[in-house]
$ cat query.csv   # CSV, C-alpha atoms
chain,number,residue,atom,x,y,z
A,1,MET,CA,-23.3,-4.9,11.0
A,2,PRO,CA,-20.9,-1.9,11.1
A,3,THR,CA,-22.2,1.2,9.4
A,4,ARG,CA,-20.3,1.9,6.2
A,5,ILE,CA,-19.6,5.6,5.9
A,6,PRO,CA,-19.4,6.8,2.2
A,7,PRO,CA,-16.3,8.8,1.4
A,8,THR,CA,-16.6,12.5,0.8
A,9,ASP,CA,-16.0,13.7,-2.7
A,10,ALA,CA,-12.5,14.9,-1.7
A,11,GLU,CA,-11.6,11.6,-0.2
A,12,PHE,CA,-13.0,9.8,-3.2
A,13,ASN,CA,-11.0,12.0,-5.5
A,14,THR,CA,-7.8,11.3,-3.6
A,15,PHE,CA,-8.5,7.6,-3.6
A,16,THR,CA,-9.2,7.2,-7.3
A,17,ILE,CA,-6.2,9.2,-8.4
A,18,THR,CA,-3.7,7.9,-5.8
A,19,ALA,CA,-4.8,4.4,-6.3
A,20,THR,CA,-4.6,4.5,-10.0
A,21,ILE,CA,-1.2,6.0,-10.0
A,22,ARG,CA,-0.1,3.4,-7.5
A,23,LEU,CA,-1.4,0.5,-9.5
A,24,GLY,CA,0.4,1.6,-12.6
A,25,ALA,CA,3.6,2.5,-10.7
A,26,ALA,CA,6.5,0.2,-10.3
A,27,SER,CA,6.2,-2.7,-8.0
A,28,GLU,CA,7.6,-2.5,-4.5
A,29,GLY,CA,10.4,-5.0,-4.5
A,30,GLY,CA,8.9,-6.9,-7.4
A,31,ALA,CA,11.1,-8.6,-9.9
A,32,ALA,CA,12.1,-6.4,-12.8
A,33,GLU,CA,11.5,-7.6,-16.3
A,34,VAL,CA,14.7,-7.4,-18.5
A,35,ILE,CA,14.4,-7.5,-22.3
A,36,GLU,CA,17.5,-8.1,-24.3
A,37,SER,CA,17.8,-8.5,-28.0
A,38,ALA,CA,19.8,-7.8,-31.1
A,39,ILE,CA,18.1,-5.4,-33.5
A,40,PRO,CA,19.0,-5.2,-37.2
A,41,GLU,CA,19.3,-1.8,-38.9
A,42,ALA,CA,16.1,-0.1,-40.1
A,43,THR,CA,14.1,-2.1,-37.7
A,44,THR,CA,11.6,-1.3,-34.9
A,45,HIS,CA,11.0,-3.6,-31.9
A,46,ASN,CA,8.1,-3.3,-29.5
A,47,LEU,CA,9.4,-3.6,-25.9
A,48,ALA,CA,6.3,-3.4,-23.8
A,49,GLN,CA,2.6,-2.7,-24.0
A,50,GLY,CA,0.9,-0.4,-21.5
A,51,PRO,CA,-1.0,1.4,-20.3
A,52,PHE,CA,1.9,2.8,-18.4
A,53,SER,CA,2.0,5.0,-15.4
A,54,ASN,CA,4.2,8.1,-16.0
A,55,ALA,CA,5.9,7.3,-12.7
A,56,ILE,CA,7.4,4.1,-13.9
A,57,GLN,CA,11.2,4.3,-14.1
A,58,VAL,CA,12.7,2.3,-17.0
A,59,LYS,CA,16.4,1.7,-17.9
A,60,LEU,CA,17.3,1.9,-21.5
A,61,GLU,CA,20.7,0.5,-22.5
A,62,ASN,CA,22.4,0.4,-25.8
A,63,THR,CA,24.6,-2.7,-25.6
A,64,GLY,CA,25.8,-2.5,-29.1
A,65,ALA,CA,29.1,-1.1,-30.3
A,66,ALA,CA,28.1,0.9,-33.4
A,67,SER,CA,24.5,1.9,-33.9
A,68,THR,CA,22.6,4.6,-32.0
A,69,LEU,CA,19.2,3.5,-30.9
A,70,THR,CA,16.0,5.6,-30.5
A,71,PHE,CA,13.3,4.9,-27.9
A,72,CYS,CA,9.7,6.4,-27.9
A,73,ARG,CA,6.1,5.8,-27.0
A,74,ALA,CA,3.9,5.0,-29.9
A,75,GLY,CA,0.3,4.2,-30.9
A,76,ASN,CA,1.1,0.6,-32.1
A,77,ALA,CA,3.9,-1.9,-32.0
A,78,THR,CA,5.4,-1.2,-35.4
A,79,VAL,CA,5.7,2.6,-35.4
A,80,GLY,CA,9.3,3.7,-35.7
A,81,CYS,CA,10.8,6.2,-33.3
A,82,ALA,CA,11.2,9.3,-35.4
A,83,PRO,CA,12.0,12.5,-33.5
A,84,PRO,CA,11.1,13.5,-30.8
A,85,ASN,CA,12.6,10.5,-29.1
A,86,ILE,CA,15.2,9.3,-26.7
A,87,ILE,CA,18.6,8.8,-28.3
A,88,VAL,CA,21.0,6.3,-26.6
A,89,ALA,CA,24.5,6.1,-28.0
A,90,PRO,CA,26.4,2.8,-28.2
A,91,GLY,CA,27.5,1.6,-24.8
A,92,ALA,CA,25.4,4.2,-23.0
A,93,SER,CA,22.3,3.8,-20.8
A,94,VAL,CA,19.5,6.1,-19.6
A,95,ILE,CA,17.2,5.8,-16.6
A,96,ILE,CA,14.1,7.7,-17.3
A,97,ALA,CA,10.5,8.0,-16.1
A,98,MET,CA,7.9,6.7,-18.6
A,99,GLY,CA,6.3,10.1,-18.6
A,100,ASP,CA,9.5,11.7,-19.9
A,101,ILE,CA,9.7,9.5,-22.9
A,102,PRO,CA,8.5,11.4,-26.0
A,103,GLY,CA,5.4,10.3,-27.9
A,104,THR,CA,2.0,9.2,-26.9
A,105,GLY,CA,0.4,5.7,-26.8
A,106,ASN,CA,0.6,2.5,-25.0
A,107,PHE,CA,3.6,1.0,-26.8
A,108,LEU,CA,7.2,1.4,-25.9
A,109,ASN,CA,9.3,0.9,-29.0
A,110,VAL,CA,12.9,1.0,-30.0
A,111,THR,CA,14.3,1.7,-33.5
A,112,ASN,CA,17.6,1.1,-35.1
A,113,GLN,CA,17.7,3.5,-37.9
A,114,PHE,CA,18.8,2.7,-41.4
A,115,GLY,CA,22.5,2.9,-42.2
A,116,LEU,CA,23.8,2.4,-38.7
A,117,GLY,CA,24.4,-1.3,-38.8
A,118,ALA,CA,23.2,-4.0,-36.4
A,119,GLY,CA,22.7,-3.1,-32.8
A,120,SER,CA,21.5,-4.6,-29.5
A,121,TYR,CA,19.7,-3.4,-26.4
A,122,ARG,CA,18.8,-4.3,-22.8
A,123,VAL,CA,15.7,-2.7,-21.3
A,124,THR,CA,14.7,-3.0,-17.7
A,125,LEU,CA,11.1,-2.6,-16.9
A,126,PRO,CA,9.7,-2.8,-13.4
A,127,THR,CA,6.7,-4.9,-12.9
A,128,ALA,CA,3.6,-2.7,-12.6
A,129,SER,CA,1.7,-3.0,-9.4
A,130,PHE,CA,-1.5,-4.1,-11.0
A,131,VAL,CA,0.4,-7.1,-12.5
A,132,ARG,CA,2.0,-7.9,-9.1
A,133,LEU,CA,-1.4,-7.8,-7.5
A,134,GLY,CA,-3.0,-10.0,-10.0
A,135,ILE,CA,-5.4,-7.5,-11.6
A,136,PRO,CA,-6.1,-8.3,-15.3
A,137,GLY,CA,-4.8,-5.7,-17.7
A,138,ASP,CA,-8.3,-4.9,-19.1
A,139,VAL,CA,-9.6,-4.3,-15.7
A,140,TYR,CA,-6.7,-1.9,-15.0
A,141,VAL,CA,-7.5,-0.1,-18.3
A,142,SER,CA,-11.1,0.2,-17.2
A,143,TRP,CA,-9.9,1.6,-13.9
A,144,VAL,CA,-7.9,4.3,-15.6
A,145,ASN,CA,-10.9,5.2,-17.8
A,146,TRP,CA,-13.0,5.5,-14.7
A,147,ASP,CA,-10.4,7.7,-13.1
A,148,ASN,CA,-10.3,9.9,-16.2
A,149,ARG,CA,-14.1,10.2,-16.3
A,150,TRP,CA,-14.2,11.0,-12.6
A,151,ALA,CA,-11.6,13.7,-12.9
A,152,ALA,CA,-13.4,15.3,-15.7
A,153,LYS,CA,-16.8,15.2,-14.1
A,154,TYR,CA,-15.5,16.3,-10.7
A,155,ALA,CA,-13.8,19.2,-12.3
A,156,GLN,CA,-17.1,20.3,-13.8
A,157,TYR,CA,-18.8,19.8,-10.4
A,158,ALA,CA,-16.1,21.7,-8.5
A,159,ASN,CA,-16.4,24.7,-10.7
A,160,GLU,CA,-19.4,26.8,-9.7
A,161,ASP,CA,-19.7,28.2,-13.2
A,162,THR,CA,-20.3,24.7,-14.7
A,163,ARG,CA,-22.0,23.0,-11.9
A,164,THR,CA,-25.7,22.1,-12.6
A,165,THR,CA,-28.2,19.8,-11.1
A,166,THR,CA,-27.5,17.4,-13.9
A,167,ILE,CA,-23.8,17.5,-13.4
A,168,THR,CA,-24.2,16.9,-9.7
A,169,HIS,CA,-26.4,13.8,-10.4
A,170,GLU,CA,-24.0,12.5,-13.0
A,171,LYS,CA,-21.1,13.0,-10.6
A,172,ASN,CA,-23.0,11.1,-7.9
A,173,ASN,CA,-24.0,8.3,-10.3
A,174,LEU,CA,-20.4,8.0,-11.5
A,175,LYS,CA,-19.3,7.6,-7.9
A,176,GLU,CA,-21.9,5.0,-7.2
A,177,ASP,CA,-21.1,3.0,-10.4
A,178,PHE,CA,-17.3,3.2,-9.8
A,179,THR,CA,-17.8,1.9,-6.2
A,180,ALA,CA,-19.7,-1.1,-7.6
A,181,PHE,CA,-16.9,-1.7,-10.2
A,182,MET,CA,-14.2,-1.3,-7.5
A,183,GLN,CA,-15.4,-3.8,-5.0
A,184,PRO,CA,-14.4,-7.0,-6.8
A,185,VAL,CA,-11.1,-5.4,-7.7
A,186,LEU,CA,-10.5,-4.6,-4.0
A,187,ASN,CA,-11.3,-8.2,-3.2
A,188,ILE,CA,-8.6,-9.3,-5.7
A,189,ILE,CA,-6.1,-6.9,-4.1
A,190,ALA,CA,-7.0,-8.0,-0.6
A,191,ALA,CA,-6.5,-11.7,-1.5
A,192,SER,CA,-3.3,-11.1,-3.4
A,193,PRO,CA,-0.3,-12.9,-1.8
A,194,ASN,CA,1.9,-10.0,-3.0
A,195,ILE,CA,0.0,-7.2,-1.2
A,196,THR,CA,2.3,-4.8,0.7
A,197,GLU,CA,1.8,-2.5,3.7
A,198,GLY,CA,1.8,0.4,1.2
A,199,ASP,CA,-1.0,-1.2,-0.7
A,200,ARG,CA,-3.0,-1.7,2.4
A,201,THR,CA,-2.6,2.0,3.4
A,202,VAL,CA,-3.6,3.3,0.0
A,203,PHE,CA,-6.6,1.0,-0.5
A,204,HIS,CA,-7.7,1.0,3.1
A,205,ILE,CA,-7.4,-2.8,3.4
A,206,LYS,CA,-6.9,-3.9,7.0
A,207,LYS,CA,-5.0,-6.9,7.9
A,208,ARG,CA,-7.1,-9.5,9.7
A,209,ASP,CA,-6.0,-10.0,13.3
A,210,ALA,CA,-5.4,-13.7,13.4
A,211,ASN,CA,-4.2,-13.6,17.0
A,212,PRO,CA,-7.0,-12.0,19.0
A,213,THR,CA,-5.8,-10.3,22.2
A,214,PRO,CA,-7.4,-11.9,25.3
A,215,ARG,CA,-9.4,-9.5,27.4
A,216,GLU,CA,-8.1,-8.7,30.9
A,217,THR,CA,-10.0,-9.1,34.1
A,218,ILE,CA,-12.1,-6.0,34.8
A,219,THR,CA,-10.9,-4.3,37.9
A,220,THR,CA,-13.1,-1.2,38.2
A,221,ALA,CA,-16.8,-0.9,39.0
A,222,PRO,CA,-19.2,1.2,37.0
A,223,PHE,CA,-20.6,4.5,38.3
A,224,VAL,CA,-24.4,4.1,38.3
A,225,LEU,CA,-26.8,7.0,37.8
A,226,PRO,CA,-30.4,5.9,38.3
A,227,PHE,CA,-33.3,8.1,37.1
A,228,ALA,CA,-36.9,7.6,38.1
A,229,LEU,CA,-38.9,8.1,35.0
A,230,GLN,CA,-42.4,9.5,35.4
A,231,GLY,CA,-45.6,8.6,33.6
A,232,GLY,CA,-46.9,5.4,32.1
A,233,GLY,CA,-47.9,3.8,28.9
A,234,ASN,CA,-50.1,1.3,27.2
A,235,GLU,CA,-49.0,-1.7,25.3
A,236,ILE,CA,-51.5,-3.6,23.1
B,1,MET,CA,-36.4,3.3,35.5
B,2,LYS,CA,-33.4,4.5,33.6
B,3,PHE,CA,-29.8,3.8,34.5
B,4,GLU,CA,-26.7,5.3,33.0
B,5,LEU,CA,-23.4,3.6,33.6
B,6,ARG,CA,-20.1,5.3,33.2
B,7,VAL,CA,-16.5,4.1,33.3
B,8,LEU,CA,-15.3,7.4,34.7
B,9,LYS,CA,-17.3,9.2,37.3
B,10,ASP,CA,-16.9,12.6,35.6
B,11,ALA,CA,-17.5,11.2,32.0
B,12,SER,CA,-19.9,13.3,30.1
B,13,ARG,CA,-22.0,10.5,28.7
B,14,PRO,CA,-22.7,6.8,29.4
B,15,SER,CA,-20.1,4.3,28.1
B,16,MET,CA,-19.2,0.7,28.3
B,17,HIS,CA,-16.0,-0.7,29.7
B,18,LEU,CA,-13.7,-1.8,26.9
B,19,ASP,CA,-13.3,-5.3,28.3
B,20,ALA,CA,-17.0,-5.7,29.0
B,21,ASP,CA,-19.8,-7.3,26.9
B,22,GLY,CA,-22.5,-5.7,28.9
B,23,VAL,CA,-23.6,-4.7,32.4
B,24,GLU,CA,-25.2,-6.8,35.0
B,25,ILE,CA,-27.7,-5.2,37.4
B,26,TYR,CA,-29.0,-6.9,40.6
B,27,TRP,CA,-31.8,-5.1,42.4
B,28,LYS,CA,-34.4,-5.4,45.1
B,29,ILE,CA,-37.6,-3.4,45.7
B,30,GLY,CA,-38.5,-2.5,49.3
B,31,ALA,CA,-35.9,-2.8,52.0
B,32,ALA,CA,-32.4,-1.9,50.8
B,33,PRO,CA,-30.3,-5.0,49.9
B,34,ILE,CA,-27.2,-5.6,52.0
B,35,SER,CA,-25.3,-7.2,49.2
B,36,PRO,CA,-25.8,-8.4,45.6
B,37,ALA,CA,-26.7,-11.8,46.9
B,38,ASP,CA,-29.5,-10.2,48.9
B,39,CYS,CA,-31.2,-8.9,45.7
B,40,THR,CA,-34.3,-10.6,44.3
B,41,GLU,CA,-34.1,-9.5,40.7
B,42,LYS,CA,-31.3,-9.5,38.2
B,43,ASP,CA,-30.7,-8.9,34.5
B,44,THR,CA,-27.9,-8.3,32.0
B,45,PHE,CA,-27.9,-5.5,29.4
B,46,SER,CA,-25.7,-4.9,26.4
B,47,THR,CA,-25.7,-1.1,26.6
B,48,ALA,CA,-24.5,1.5,29.0
B,49,THR,CA,-27.9,3.2,29.1
B,50,VAL,CA,-30.5,0.8,30.5
B,51,LEU,CA,-34.3,1.2,30.6
B,52,LEU,CA,-35.9,-1.1,33.1
B,53,LYS,CA,-39.6,-1.8,33.3
B,54,ILE,CA,-41.0,-1.8,36.8
B,55,ASN,CA,-44.5,-2.9,37.7
B,56,LEU,CA,-46.9,0.0,38.2
B,57,ALA,CA,-47.8,-1.5,41.6
B,58,ASP,CA,-44.3,-0.7,42.8
B,59,ALA,CA,-44.5,3.0,42.1
B,60,GLY,CA,-43.5,5.0,45.1
B,61,LYS,CA,-41.4,2.2,46.7
B,62,ARG,CA,-37.7,2.4,47.1
B,63,MET,CA,-35.4,0.4,44.8
B,64,GLY,CA,-31.8,-0.5,45.7
B,65,GLY,CA,-29.2,-2.6,43.9
B,66,TYR,CA,-25.7,-3.0,42.4
B,67,ALA,CA,-24.2,-3.1,39.0
B,68,ARG,CA,-21.0,-4.5,37.5
B,69,TRP,CA,-19.3,-4.8,34.1
B,70,LYS,CA,-20.0,-8.2,32.7
B,71,ASN,CA,-17.7,-10.4,30.6
B,72,ILE,CA,-20.2,-12.9,29.2
B,73,SER,CA,-17.8,-15.4,27.7
B,74,ASP,CA,-15.7,-15.6,30.9
B,75,THR,CA,-17.7,-14.5,34.0
B,76,ASN,CA,-14.6,-14.8,36.2
B,77,LYS,CA,-13.3,-11.7,34.3
B,78,SER,CA,-16.3,-9.6,35.2
B,79,GLY,CA,-15.7,-6.5,37.3
B,80,PRO,CA,-16.4,-5.9,40.9
B,81,TRP,CA,-19.8,-4.7,42.1
B,82,SER,CA,-20.5,-1.0,42.3
B,83,GLN,CA,-21.5,0.8,45.4
B,84,ILE,CA,-25.2,0.4,46.3
B,85,PHE,CA,-27.6,2.6,44.4
B,86,SER,CA,-31.0,3.6,45.8
B,87,ILE,CA,-33.9,5.5,44.3
B,88,VAL,CA,-37.6,5.9,44.7
B,89,ILE,CA,-39.6,4.5,41.8
B,90,GLY,CA,-41.5,7.2,39.9
B,91,SER,CA,-45.3,7.0,39.6
$ encode --input "query.csv" --output "C-alpha cells"
Amino acid sequence: MPTRIPPTDAEFNTFTITATIRLGAASEGGAAEVIESAIPEATTHNLAQGPFSNAIQVKLENTGAASTLTFCRAGNATVGCAPPNIIVAPGASVIIAMGDIPGTGNFLNVTNQFGLGAGSYRVTLPTASFVRLGIPGDVYVSWVNWDNRWAAKYAQYANEDTRTTTITHEKNNLKEDFTAFMQPVLNIIAASPNITEGDRTVFHIKKRDANPTPRETITTAPFVLPFALQGGGNEI
Amino acid sequence: MKFELRVLKDASRPSMHLDADGVEIYWKIGAAPISPADCTEKDTFSTATVLLKINLADAGKRMGGYARWKNISDTNKSGPWSQIFSIVIGS
C-alpha cells in the first residue's frame, strides 16, 4: 500500500480555494446555456440560480428595440433590479464577470422597468464546471461552505494573536472532516466523462495508464558490497 | 551477513534497478565458486539491502558468490551476473 502523505496547511489552503473557484468557474469548452425571452414592462425574470463563481463571464444582450433592461444579482427570483444594476440599452450587449454584477445573492435577474414598453433579451451563461463534472448543486454549495469555514479558521490559526490550542484543534478537525467529505466528490470528478486535463491538474487526479510500458532487458550487473556481521542471537 | 546492492558503483546508498523486481544471489561456503552454476545456495530478495542468515557452524569460513538483478515475471530479462564477491563469515 502506498503511503498517503497528508497535505500541508498551505497546500490544503491552496487546494480548497483553487478547486472551489475552478468548480464554479466556466466550463472548459462546455456548451453555453442561452436564455432568450420577451419581457413585458414592469416585470422581472429570473435568469439563473447560483451559487455563482465571480469568475464566470456572462453575456447580457438587450435584443429589444425600445426598452432599456437592468440586470442584477438578488436574494430571490422575484426581486427587481433597482440601482445599483447593469443597464443595457436596446440593441446593446455587455460581457461581464459575475462578480462585477451589482447586488448580492444567488439569483441573476433582469427587470424591464415600468413605462418602457415590452422588451426582449438573450443571456449567455457558460456551464459551471461542477455541472459539467456531474457534481450535484447541493454538494457544490456544501463545498463552498466548507471553503469559507476553512478560510475563516485558517486565518485565525495563521494569526499569532488569535491562535490558541483550541483554534489549532478546530483547524485540524476541520481539515480532517473536509477530507472525508471530499473523497466521494473526488470520486465523482475522477469518473466524470467530461474531466479535462486542467481538472486533473487541479484535483491531483492521475490518468490511469492503460498501456503499461514493457520492461527492457537489464544489461548491467549490480555492485555488491558484502558485510560480515558480528555477534549472534537467540530465537525462541 | 549483510549485502548492499547498488546500480551505480559510486551511489551513496543501496538501490534497486528500475527494471528489476528483486535481486538474486547465488553463493557457496568454502572454496570459491568458479561460476554461478558452481554455487550450492541461492535465494531471491526484493530489497537492495539483504540480510542473510548463515549457520553459526560456518563462522570463520570464506563465502563467495554472485548477484544479479532479477525480473521475476520474465527471467530472460534478468541482468548479467556480477563479478564474484568473497568475504570471511563473521563469528
$ interface_residues --input "query.csv" --of "chain A" --to "chain B" --cutoff "9 Å" --atoms "all atoms listed in the file" --output "MDAnalysis selection string"
chainID A and resid 215:232
$ atom_distance --input "query.csv" --atom1 "atom CA of A:Asn172" --atom2 "atom CA of A:Leu23"
24.1 Å
$ residues_near_point --input "query.csv" --point "(-7.6, 14.2, -14.6)" --cutoff "12 Å" --atoms "all atoms listed in the file" --output "list in words"
Asn13, Thr14, Thr16, Ile17, Thr18, Thr20, Ile21, Val144, Asn145, Trp146, Asp147, Asn148, Arg149, Trp150, Ala151, Ala152, Lys153, Tyr154, Ala155 and Gln156 of chain A
$ closest_residue --input "query.csv" --among "A:Lys206, A:Glu36, A:Thr43, A:Arg200" --to "A:Gln113" --atoms "all atoms listed in the file"
A:Thr43
$ atom_distance --input "query.csv" --atom1 "atom CA of A:Tyr121" --atom2 "atom CA of A:Leu69"
8.3 Å
$ atom_distance --input "query.csv" --atom1 "atom CA of A:Phe71" --atom2 "atom CA of A:Asn109"
5.8 Å
$ residues_near_point --input "query.csv" --point "(16.8, 1.8, -38.9)" --cutoff "7 Å" --atoms "only C-alpha atoms" --output "list in words"
Glu41, Ala42, Thr43, Thr111, Asn112, Gln113, Phe114 and Gly115 of chain A
$ residues_around --input "query.csv" --residues "stretch 90-99 of chain A" --least-positions-apart "3" --cutoff "7 Å" --atoms "all atoms listed in the file" --output "tab-separated table (two decimals) with C-alpha atoms, keeping the file's coordinate frame"
chain	number	residue	atom	x	y	z
A	53	SER	CA	2.00	5.00	-15.40
A	54	ASN	CA	4.20	8.10	-16.00
A	55	ALA	CA	5.90	7.30	-12.70
A	56	ILE	CA	7.40	4.10	-13.90
A	57	GLN	CA	11.20	4.30	-14.10
A	58	VAL	CA	12.70	2.30	-17.00
A	59	LYS	CA	16.40	1.70	-17.90
A	60	LEU	CA	17.30	1.90	-21.50
A	61	GLU	CA	20.70	0.50	-22.50
A	62	ASN	CA	22.40	0.40	-25.80
A	63	THR	CA	24.60	-2.70	-25.60
A	64	GLY	CA	25.80	-2.50	-29.10
A	65	ALA	CA	29.10	-1.10	-30.30
A	66	ALA	CA	28.10	0.90	-33.40
A	67	SER	CA	24.50	1.90	-33.90
A	68	THR	CA	22.60	4.60	-32.00
$ residues_around --input "query.csv" --residues "B:Asp38" --least-positions-apart "2" --cutoff "12 Å" --atoms "all atoms listed in the file" --output "ChimeraX atom specification"
/B:26-36,40-42,64-66,84
$ residues_around --input "query.csv" --residues "stretch 179-183 of chain A" --least-positions-apart "5" --cutoff "10 Å" --atoms "all atoms listed in the file" --output "JSON, numbers by chain"
{"A": [6, 12, 16, 139, 142, 143, 146, 173, 174, 188, 189]}
$ write_last_selection --input "query.csv" --atoms "C-alpha atoms" --output "mmCIF file, keeping the file's coordinate frame"
data_model
loop_
_atom_site.group_PDB
_atom_site.id
_atom_site.type_symbol
_atom_site.label_atom_id
_atom_site.label_comp_id
_atom_site.auth_asym_id
_atom_site.auth_seq_id
_atom_site.Cartn_x
_atom_site.Cartn_y
_atom_site.Cartn_z
ATOM 1 C CA PRO A 6 -19.400 6.800 2.200
ATOM 2 C CA PHE A 12 -13.000 9.800 -3.200
ATOM 3 C CA THR A 16 -9.200 7.200 -7.300
ATOM 4 C CA VAL A 139 -9.600 -4.300 -15.700
ATOM 5 C CA SER A 142 -11.100 0.200 -17.200
ATOM 6 C CA TRP A 143 -9.900 1.600 -13.900
ATOM 7 C CA TRP A 146 -13.000 5.500 -14.700
ATOM 8 C CA ASN A 173 -24.000 8.300 -10.300
ATOM 9 C CA LEU A 174 -20.400 8.000 -11.500
ATOM 10 C CA ILE A 188 -8.600 -9.300 -5.700
ATOM 11 C CA ILE A 189 -6.100 -6.900 -4.100
#
